[in-house]
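> Once you've had a glance at the structure underneath, I'll fire off some questions.
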Amino acid sequence: MTEVQCNTADTTQAPVLAALGICCALGASKQQVWQAAVAGSRAGMVWRDDLLLAGQAVVVGAVTEKLPQIDPAFAHLSSRNNQLAYCAYLQIAAEVQQAKQQYGAERIAVVLGSSTSGIADGEDALQQRLNSGNWPADYHYQKQEMAAPAHFIAAVAGVSGPAYVISTACSSSARALISARNLLTSGLADAVIVGGVDSLCRMTLQGFAALESVAAGFCQPFAEGRDGINIGEGAALFLMLRQADVTAQQPGAQQLIELAGAGAAADAYHMSAPHPQGRGAEAAIRQALAQAGVSASELGYINLHGTATPLNDAMESTVLQRLGADKVPASSTKSMTGHTLGAAGAIEAALCWLLLSDYNAAFALLPQVRDNPADAELPTLNFVLAGQQQPLSLCLSNSFAFGGNNAAVILRRQR
C-alpha cells in the first residue's frame, strides 16, 4: 500500500509553542521534569500489582505528585485523566487568559491526543456495578468518552473554539500538534491549547500484555535482550500562537521555540507491527525535515520513539541510518517516563522544548538510560551519555503508532 502523506502546507513563519505545562513520571512542573530528565532519573518508574491479571507485578511510569482537584461544576468530567490534564493546564493558565483577552474565547481552540481518556474511572465503576449491582453515584459515562479531555480543558479555560481529541494510538498528540498548526494557518483559530494526556488503566496494560509487548522489568531501549515497553501516564499542554503575534507581544523575549516542521504518514503495513523498513516513518521524518528546511545531519538532538520492543527499535534505527541521522545525539526517554501512549508525542516534544529553553543554560542533553549494552545487531546510533553537553537549536521527536500511523515533529529555537 502506498503511504499517505498529509499536512504539507508550507508557512512563511512556523507557529510558536509559547507556553508549556507538563506532568509525568518525572515530575509535576517544568522545573521538576527538567531536573529529573537531565539527571536520567527513573524514580517515577515503579512496580504495580493492580494493573495486570492475577496480581502480576509490572513496571509503569506513574505520577505520584498530588493532583489538583476538579471543581464540582465539572463533576461529570472528573477523572484521573482529566486531573493530569488539569495539572498541565494550570501551568499555562495565565498565558491562556492573556490570549483570551487578546483574541476572544471563541478564537481559541483545544486539540489534544489521548488513547485512554477516563477509561480507568470506567473500569472502577464497572467493577462496583458487578460487585454491588449499582453504579457509583458520581459516575458519568462522559468521563471516558474520547473527546472528554478536550471538552474539559475548554470548559475550565472558558474557551469556545474548536475542541476535539485525536486518537491514533502512540502518535495521537504529535498529530494534535500538526492539527493545531493547521487551525492557525487556515485562520480557524488564533491560539490553540494543544498537547496530550493519558492515564494508567487495566485495559491498556492487559492489552499490551496480550500482545506480549510488556517488559518483564525496566524497559531497555535499543539494548540487548530488550523485551517490551513500560507503560506510563502523564500530560503535556502547549499554548500555540502565530510567530508574528508572539514577536509583537514580546519583542525582547529571550526564547522563541517554534514548531519548525512536522510530517505524518500512514503505511498500514500491519495492525500492531511497524513496517520492517520503516516506510511510513521515513516519509514522516522526511516531510518534517523538508518543512523545516534542514537536513537530518543538521539536527542537534533526536528524541527517539524507542519503545524497547524488538521490532520498533530495529525499524527506527534502520530509518535514521538511511536518512543520515545516525550521528546525531539521540535517546529514548521512555525509560524515564514510560510509554505514555496518546500523550507520548506531546510529552516528548515537551522534553525537546525544555532542552531548547532557558531551563537548559548548561546545554545538557537527555541521556539514554538503560541497564544493558546497545544491541550490536542494530544500526549504530549516537546515544547520549550521562553528562553530555552540546549547544543546539533543532530537535526532532518521533512518534510511531499502531497501524503504521507515523508522525515526526521538529522544534527550533529562534533566539
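Ordering of the C-alpha cells sets the chain letters (A, B, ...), residue numbers begin anew at 1 in every chain, and ligands are numbered from 1 in the order given.
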Counting only C-alpha atoms, which residues of segment 82-125 of chain A sit at most 12 Å from some atom of segment 24-28 of chain A, and what is each one's closest atom pair with its distance in Å to one decimal, listed by chain and rising residue number, as CSV?

residue,atom,partner,partner_atom,distance
A:Gln83,CA,A:Ala28,CA,11.6
A:Leu84,CA,A:Cys24,CA,8.3
A:Ala85,CA,A:Cys24,CA,10.3
A:Tyr86,CA,A:Ala28,CA,10.9
A:Cys87,CA,A:Ala28,CA,7.3
A:Ala88,CA,A:Ala28,CA,7.7
A:Tyr89,CA,A:Ala28,CA,11.2
A:Leu90,CA,A:Ala28,CA,10.8
A:Gln91,CA,A:Ala28,CA,9.6
> I need the residues from that last selection saved to file as a PDB file, in the first residue's frame (with C-alpha atoms), if you can.

ATOM      1  CA  GLN A  83      -6.727  15.687  36.626  1.00  0.00           C
ATOM      2  CA  LEU A  84      -3.446  15.026  34.799  1.00  0.00           C
ATOM      3  CA  ALA A  85      -4.522  17.370  32.014  1.00  0.00           C
ATOM      4  CA  TYR A  86      -5.602  19.963  34.596  1.00  0.00           C
ATOM      5  CA  CYS A  87      -2.202  19.782  36.296  1.00  0.00           C
ATOM      6  CA  ALA A  88      -0.550  20.676  32.987  1.00  0.00           C
ATOM      7  CA  TYR A  89      -3.161  23.309  32.130  1.00  0.00           C
ATOM      8  CA  LEU A  90      -2.715  25.247  35.365  1.00  0.00           C
ATOM      9  CA  GLN A  91       0.905  25.868  34.374  1.00  0.00           C
TER      10      GLN A  91
END
> From the DSSP assignment of the backbone, select every residue of segment 42-250 of chain A that is strand (DSSP E or B), and format the answer as a ChimeraX atom specification.
/A:45-48,58-61,108-113,163-166,191-198,214,223,229,231-232,234-241
> Restricted to N, CA and C atoms, what would the selected residues look like written as an mmCIF file, in the first residue's frame?

data_model
loop_
_atom_site.group_PDB
_atom_site.id
_atom_site.type_symbol
_atom_site.label_atom_id
_atom_site.label_comp_id
_atom_site.auth_asym_id
_atom_site.auth_seq_id
_atom_site.Cartn_x
_atom_site.Cartn_y
_atom_site.Cartn_z
ATOM 1 N N MET A 45 9.525 5.410 37.776
ATOM 2 C CA MET A 45 9.246 4.084 37.236
ATOM 3 C C MET A 45 9.089 3.124 38.412
ATOM 4 N N VAL A 46 7.870 2.689 38.656
ATOM 5 C CA VAL A 46 7.565 1.940 39.878
ATOM 6 C C VAL A 46 6.872 0.620 39.547
ATOM 7 N N TRP A 47 6.975 -0.317 40.489
ATOM 8 C CA TRP A 47 6.289 -1.603 40.355
ATOM 9 C C TRP A 47 4.854 -1.463 40.847
ATOM 10 N N ARG A 48 3.896 -1.993 40.069
ATOM 11 C CA ARG A 48 2.483 -2.012 40.459
ATOM 12 C C ARG A 48 1.933 -3.417 40.262
ATOM 13 N N VAL A 58 4.219 -5.253 37.526
ATOM 14 C CA VAL A 58 4.736 -4.695 36.275
ATOM 15 C C VAL A 58 5.281 -3.303 36.569
ATOM 16 N N VAL A 59 6.314 -2.891 35.839
ATOM 17 C CA VAL A 59 6.880 -1.551 35.982
ATOM 18 C C VAL A 59 6.092 -0.567 35.121
ATOM 19 N N VAL A 60 5.692 0.543 35.719
ATOM 20 C CA VAL A 60 4.977 1.593 34.986
ATOM 21 C C VAL A 60 5.562 2.956 35.348
ATOM 22 N N GLY A 61 5.343 3.926 34.479
ATOM 23 C CA GLY A 61 5.704 5.310 34.770
ATOM 24 C C GLY A 61 4.514 6.003 35.397
ATOM 25 N N ILE A 108 -10.069 30.624 20.400
ATOM 26 C CA ILE A 108 -9.060 29.740 20.990
ATOM 27 C C ILE A 108 -9.564 28.303 20.926
ATOM 28 N N ALA A 109 -8.788 27.440 20.296
ATOM 29 C CA ALA A 109 -9.152 26.040 20.103
ATOM 30 C C ALA A 109 -8.431 25.154 21.115
ATOM 31 N N VAL A 110 -8.913 23.933 21.244
ATOM 32 C CA VAL A 110 -8.278 22.916 22.081
ATOM 33 C C VAL A 110 -8.153 21.643 21.253
ATOM 34 N N VAL A 111 -6.924 21.165 21.059
ATOM 35 C CA VAL A 111 -6.685 19.931 20.313
ATOM 36 C C VAL A 111 -5.752 19.051 21.134
ATOM 37 N N LEU A 112 -6.241 17.909 21.560
ATOM 38 C CA LEU A 112 -5.451 17.008 22.396
ATOM 39 C C LEU A 112 -5.356 15.629 21.752
ATOM 40 N N GLY A 113 -4.371 14.874 22.191
ATOM 41 C CA GLY A 113 -4.250 13.480 21.820
ATOM 42 C C GLY A 113 -4.444 12.617 23.052
ATOM 43 N N ALA A 163 -12.881 22.181 19.606
ATOM 44 C CA ALA A 163 -12.297 21.381 20.686
ATOM 45 C C ALA A 163 -12.497 19.913 20.360
ATOM 46 N N TYR A 164 -11.391 19.184 20.204
ATOM 47 C CA TYR A 164 -11.508 17.771 19.849
ATOM 48 C C TYR A 164 -10.257 17.011 20.252
ATOM 49 N N VAL A 165 -10.373 15.694 20.255
ATOM 50 C CA VAL A 165 -9.274 14.794 20.599
ATOM 51 C C VAL A 165 -8.944 13.929 19.398
ATOM 52 N N ILE A 166 -7.664 13.763 19.145
ATOM 53 C CA ILE A 166 -7.176 12.846 18.117
ATOM 54 C C ILE A 166 -6.709 11.579 18.805
ATOM 55 N N ALA A 191 -5.311 30.987 18.517
ATOM 56 C CA ALA A 191 -4.462 30.352 19.521
ATOM 57 C C ALA A 191 -5.020 28.952 19.761
ATOM 58 N N VAL A 192 -4.134 28.035 20.115
ATOM 59 C CA VAL A 192 -4.565 26.654 20.340
ATOM 60 C C VAL A 192 -3.898 26.106 21.598
ATOM 61 N N ILE A 193 -4.723 25.574 22.498
ATOM 62 C CA ILE A 193 -4.212 24.772 23.607
ATOM 63 C C ILE A 193 -4.047 23.366 23.050
ATOM 64 N N VAL A 194 -2.815 22.886 22.979
ATOM 65 C CA VAL A 194 -2.555 21.640 22.258
ATOM 66 C C VAL A 194 -1.616 20.752 23.061
ATOM 67 N N GLY A 195 -1.837 19.463 22.987
ATOM 68 C CA GLY A 195 -0.963 18.520 23.681
ATOM 69 C C GLY A 195 -1.589 17.155 23.762
ATOM 70 N N GLY A 196 -1.349 16.472 24.873
ATOM 71 C CA GLY A 196 -1.874 15.128 25.022
ATOM 72 C C GLY A 196 -1.932 14.709 26.466
ATOM 73 N N VAL A 197 -2.761 13.704 26.739
ATOM 74 C CA VAL A 197 -2.900 13.182 28.096
ATOM 75 C C VAL A 197 -3.328 11.728 28.033
ATOM 76 N N ASP A 198 -2.756 10.915 28.887
ATOM 77 C CA ASP A 198 -3.167 9.521 29.042
ATOM 78 C C ASP A 198 -2.892 9.094 30.471
ATOM 79 N N VAL A 214 4.841 -6.169 26.872
ATOM 80 C CA VAL A 214 5.173 -5.516 28.140
ATOM 81 C C VAL A 214 6.466 -6.106 28.695
ATOM 82 N N ALA A 223 18.551 -1.914 23.372
ATOM 83 C CA ALA A 223 19.563 -2.689 24.084
ATOM 84 C C ALA A 223 19.444 -4.181 23.778
ATOM 85 N N ILE A 229 7.760 -2.826 26.474
ATOM 86 C CA ILE A 229 7.574 -1.464 26.956
ATOM 87 C C ILE A 229 7.216 -1.424 28.436
ATOM 88 N N ILE A 231 4.566 0.962 30.314
ATOM 89 C CA ILE A 231 3.531 1.957 30.040
ATOM 90 C C ILE A 231 3.570 3.038 31.111
ATOM 91 N N GLY A 232 3.300 4.271 30.717
ATOM 92 C CA GLY A 232 3.309 5.390 31.647
ATOM 93 C C GLY A 232 2.072 6.249 31.508
ATOM 94 N N GLY A 234 0.645 10.606 31.944
ATOM 95 C CA GLY A 234 1.072 11.992 32.050
ATOM 96 C C GLY A 234 0.336 12.885 31.069
ATOM 97 N N ALA A 235 0.708 14.157 31.095
ATOM 98 C CA ALA A 235 0.101 15.158 30.222
ATOM 99 C C ALA A 235 1.118 16.237 29.906
ATOM 100 N N ALA A 236 1.013 16.793 28.718
ATOM 101 C CA ALA A 236 1.783 17.980 28.340
ATOM 102 C C ALA A 236 0.892 18.848 27.475
ATOM 103 N N LEU A 237 0.803 20.122 27.823
ATOM 104 C CA LEU A 237 -0.008 21.075 27.070
ATOM 105 C C LEU A 237 0.836 22.291 26.706
ATOM 106 N N PHE A 238 0.697 22.711 25.469
ATOM 107 C CA PHE A 238 1.327 23.938 24.977
ATOM 108 C C PHE A 238 0.253 24.958 24.652
ATOM 109 N N LEU A 239 0.637 26.221 24.647
ATOM 110 C CA LEU A 239 -0.165 27.252 24.006
ATOM 111 C C LEU A 239 0.543 27.600 22.709
ATOM 112 N N MET A 240 -0.107 27.290 21.588
ATOM 113 C CA MET A 240 0.487 27.549 20.277
ATOM 114 C C MET A 240 -0.079 28.847 19.702
ATOM 115 N N LEU A 241 0.825 29.725 19.261
ATOM 116 C CA LEU A 241 0.451 31.023 18.708
ATOM 117 C C LEU A 241 1.177 31.256 17.391
#
> Quick one: residues within 12 Å of Gln32 of chain A, only C-alpha atoms counted, chain neighbours fewer than 3 positions away excluded, as a compact mmCIF listing (two decimals) with C-alpha atoms, in the first residue's frame?

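Below is the file around_16.txt, written as the result:
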# COMPACT_ATOMS: atom_id res chain seq x y z
CA GLY A 21 2.72 22.72 31.20
CA ILE A 22 3.80 19.17 31.94
CA CYS A 23 3.04 16.37 34.39
CA CYS A 24 4.53 12.87 34.12
CA ALA A 25 6.60 10.30 35.99
CA LEU A 26 9.48 12.80 36.04
CA GLY A 27 7.52 15.41 37.99
CA ALA A 28 4.56 17.77 38.02
CA SER A 29 6.19 21.02 36.87
CA GLN A 35 15.94 18.35 36.63
CA ALA A 36 14.87 14.69 36.74
CA ALA A 37 15.19 14.17 32.98
CA VAL A 38 18.67 15.63 32.62
CA ALA A 39 19.78 13.54 35.61
CA SER A 41 16.13 9.65 36.84
CA ALA A 43 12.40 7.44 40.23
CA GLY A 44 8.95 7.60 38.67
CA GLU A 65 2.52 14.01 42.93
CA LEU A 351 11.21 17.45 26.71
CA LEU A 354 12.86 22.15 27.73
CA TYR A 359 15.94 25.95 31.60
> Got a sec to tell me which of segment 79-259 of chain A DSSP assigns to alpha helix (DSSP H), as a VMD selection string?
chain A and resid 80 to 90 93 to 103 119 to 132 148 to 157 172 to 185 202 to 210 243 to 249
> State, in Å with one decimal place, the distance from atom CA of Val16 of chain A to atom CA of Lys334 of chain A.
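One can read the atom CA of Val16 of chain A to atom CA of Lys334 of chain A distance as 25.3 Å.
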> Would you mind reading off the distance between atom CA of Ile119 of chain A and atom CA of His151 of chain A, one decimal, in Å?
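According to the coordinates, atom CA of Ile119 of chain A and atom CA of His151 of chain A are separated by 15.7 Å.
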> I want to know what sits within 7 Å of Pro149 of chain A, based on only C-alpha atoms, with residues of the same chain fewer than 2 positions away left out; could you give that as a ChimeraX atom specification?
/A:82,117,147,151-153
> With only C-alpha atoms as the atoms that count, which of A:Gln128, A:Leu17, A:His270, A:Gly158 lies nearest to Gln97 of chain A?
A:Gly158
> Skipping near chain neighbours, those fewer than 4 positions away, what residues fall within 12 Å of Asp138 of chain A using only C-alpha atoms, listed as a ChimeraX atom specification?
/A:72,74-79,121-122,124-125,134,142-143
> Selected residues, C-alpha atoms, written as an mmCIF file, in the first residue's frame, please.

data_model
loop_
_atom_site.group_PDB
_atom_site.id
_atom_site.type_symbol
_atom_site.label_atom_id
_atom_site.label_comp_id
_atom_site.auth_asym_id
_atom_site.auth_seq_id
_atom_site.Cartn_x
_atom_site.Cartn_y
_atom_site.Cartn_z
ATOM 1 C CA PRO A 72 -17.638 20.138 41.343
ATOM 2 C CA PHE A 74 -17.281 19.678 36.161
ATOM 3 C CA ALA A 75 -18.095 16.522 38.139
ATOM 4 C CA HIS A 76 -19.399 14.779 35.010
ATOM 5 C CA LEU A 77 -15.872 15.113 33.550
ATOM 6 C CA SER A 78 -13.921 14.444 36.738
ATOM 7 C CA SER A 79 -11.383 11.642 36.183
ATOM 8 C CA ASP A 121 -12.643 5.530 36.117
ATOM 9 C CA GLY A 122 -14.966 3.479 33.950
ATOM 10 C CA ASP A 124 -13.622 1.085 38.661
ATOM 11 C CA ALA A 125 -17.265 1.990 38.136
ATOM 12 C CA ASN A 134 -25.181 -0.321 41.411
ATOM 13 C CA GLN A 142 -18.845 11.185 29.626
ATOM 14 C CA LYS A 143 -15.710 10.734 31.738
#
> Given only C-alpha atoms as the basis, pick out the residue of A:Gly387, A:Gly261, A:Pro379, A:Gly338 nearest to Ala408 of chain A.
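Looking at the shortest contact to Ala408 of chain A, the residue is A:Gly261.
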> Please provide as a compact mmCIF listing (two decimals) with N, CA and C atoms, in the first residue's frame all residues within 6 Å of segment 302-318 of chain A, with the sequence filter that same-chain residues fewer than 3 positions apart are discarded (counting only C-alpha atoms).

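Generated output (result_19.txt):
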# COMPACT_ATOMS: atom_id res chain seq x y z
N CYS A 219 12.24 -1.22 31.04
CA CYS A 219 12.44 -1.31 29.60
C CYS A 219 13.88 -0.92 29.23
N GLN A 220 14.36 -1.46 28.11
CA GLN A 220 15.76 -1.30 27.69
C GLN A 220 15.81 -0.86 26.23
N PRO A 221 15.55 0.42 25.94
CA PRO A 221 15.50 0.86 24.54
C PRO A 221 16.80 0.59 23.79
N PHE A 222 16.68 -0.06 22.63
CA PHE A 222 17.78 -0.32 21.70
C PHE A 222 18.87 -1.19 22.32
N ARG A 226 16.24 -6.59 24.98
CA ARG A 226 15.03 -5.79 25.23
C ARG A 226 13.80 -6.66 24.97
N ASP A 227 12.79 -6.50 25.82
CA ASP A 227 11.64 -7.40 25.74
C ASP A 227 10.30 -6.69 25.80
N GLY A 228 10.28 -5.36 25.66
CA GLY A 228 8.99 -4.69 25.62
C GLY A 228 8.97 -3.36 26.34
N ILE A 229 7.76 -2.83 26.47
CA ILE A 229 7.57 -1.46 26.96
C ILE A 229 7.22 -1.42 28.44
N PRO A 276 8.79 -3.17 8.36
CA PRO A 276 10.16 -3.57 8.69
C PRO A 276 11.23 -2.55 8.27
N GLN A 277 11.03 -1.91 7.14
CA GLN A 277 11.99 -0.92 6.66
C GLN A 277 11.58 0.51 7.01
N GLY A 278 10.49 0.67 7.75
CA GLY A 278 10.08 2.00 8.21
C GLY A 278 9.61 2.92 7.12
N GLN A 321 19.54 5.62 10.17
CA GLN A 321 20.79 5.41 9.44
C GLN A 321 20.60 5.74 7.96
N ALA A 330 21.17 11.16 20.32
CA ALA A 330 19.79 10.66 20.40
C ALA A 330 19.58 9.88 21.68
N SER A 331 18.33 9.83 22.13
CA SER A 331 17.96 9.00 23.28
C SER A 331 16.47 8.75 23.25
N SER A 332 16.07 7.65 23.86
CA SER A 332 14.66 7.38 24.12
C SER A 332 14.41 7.69 25.59
N PRO A 379 21.61 -1.08 13.52
CA PRO A 379 22.44 0.03 13.05
C PRO A 379 22.84 0.92 14.22
N CYS A 395 15.60 20.14 17.38
CA CYS A 395 15.31 18.82 17.94
C CYS A 395 14.23 18.13 17.12
N LEU A 396 14.43 16.85 16.86
CA LEU A 396 13.42 16.02 16.21
C LEU A 396 12.82 15.07 17.23
N SER A 397 11.51 14.90 17.20
CA SER A 397 10.84 13.92 18.06
C SER A 397 9.99 13.01 17.19
N ASN A 398 10.20 11.70 17.33
CA ASN A 398 9.49 10.70 16.52
C ASN A 398 8.37 10.04 17.31
N SER A 399 7.26 9.77 16.63
CA SER A 399 6.13 9.06 17.23
C SER A 399 5.56 8.09 16.20
> Show me, as a list in words, the residues that have an atom within 8 Å of Gly342 of chain A when counting only C-alpha atoms, minus same-chain residues fewer than 3 positions from it.
Gly113, Ser114, Ser115, Thr116, Ser167, Thr168, Ala169, Cys170, Ser171, Ser172, Ser173, Gly196, Val197, Asp198 and Gly345 of chain A
> Using only C-alpha atoms, which residue out of A:Gly404, A:Pro136, A:Pro68, A:Pro162 lies closest to Glu106 of chain A?
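Smallest separation from Glu106 of chain A among the options: A:Pro162.
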> Between atom CA of Ser297 of chain A and atom CA of Leu385 of chain A, what is the spacing in Å?
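These atoms are spaced 19.1 Å apart.
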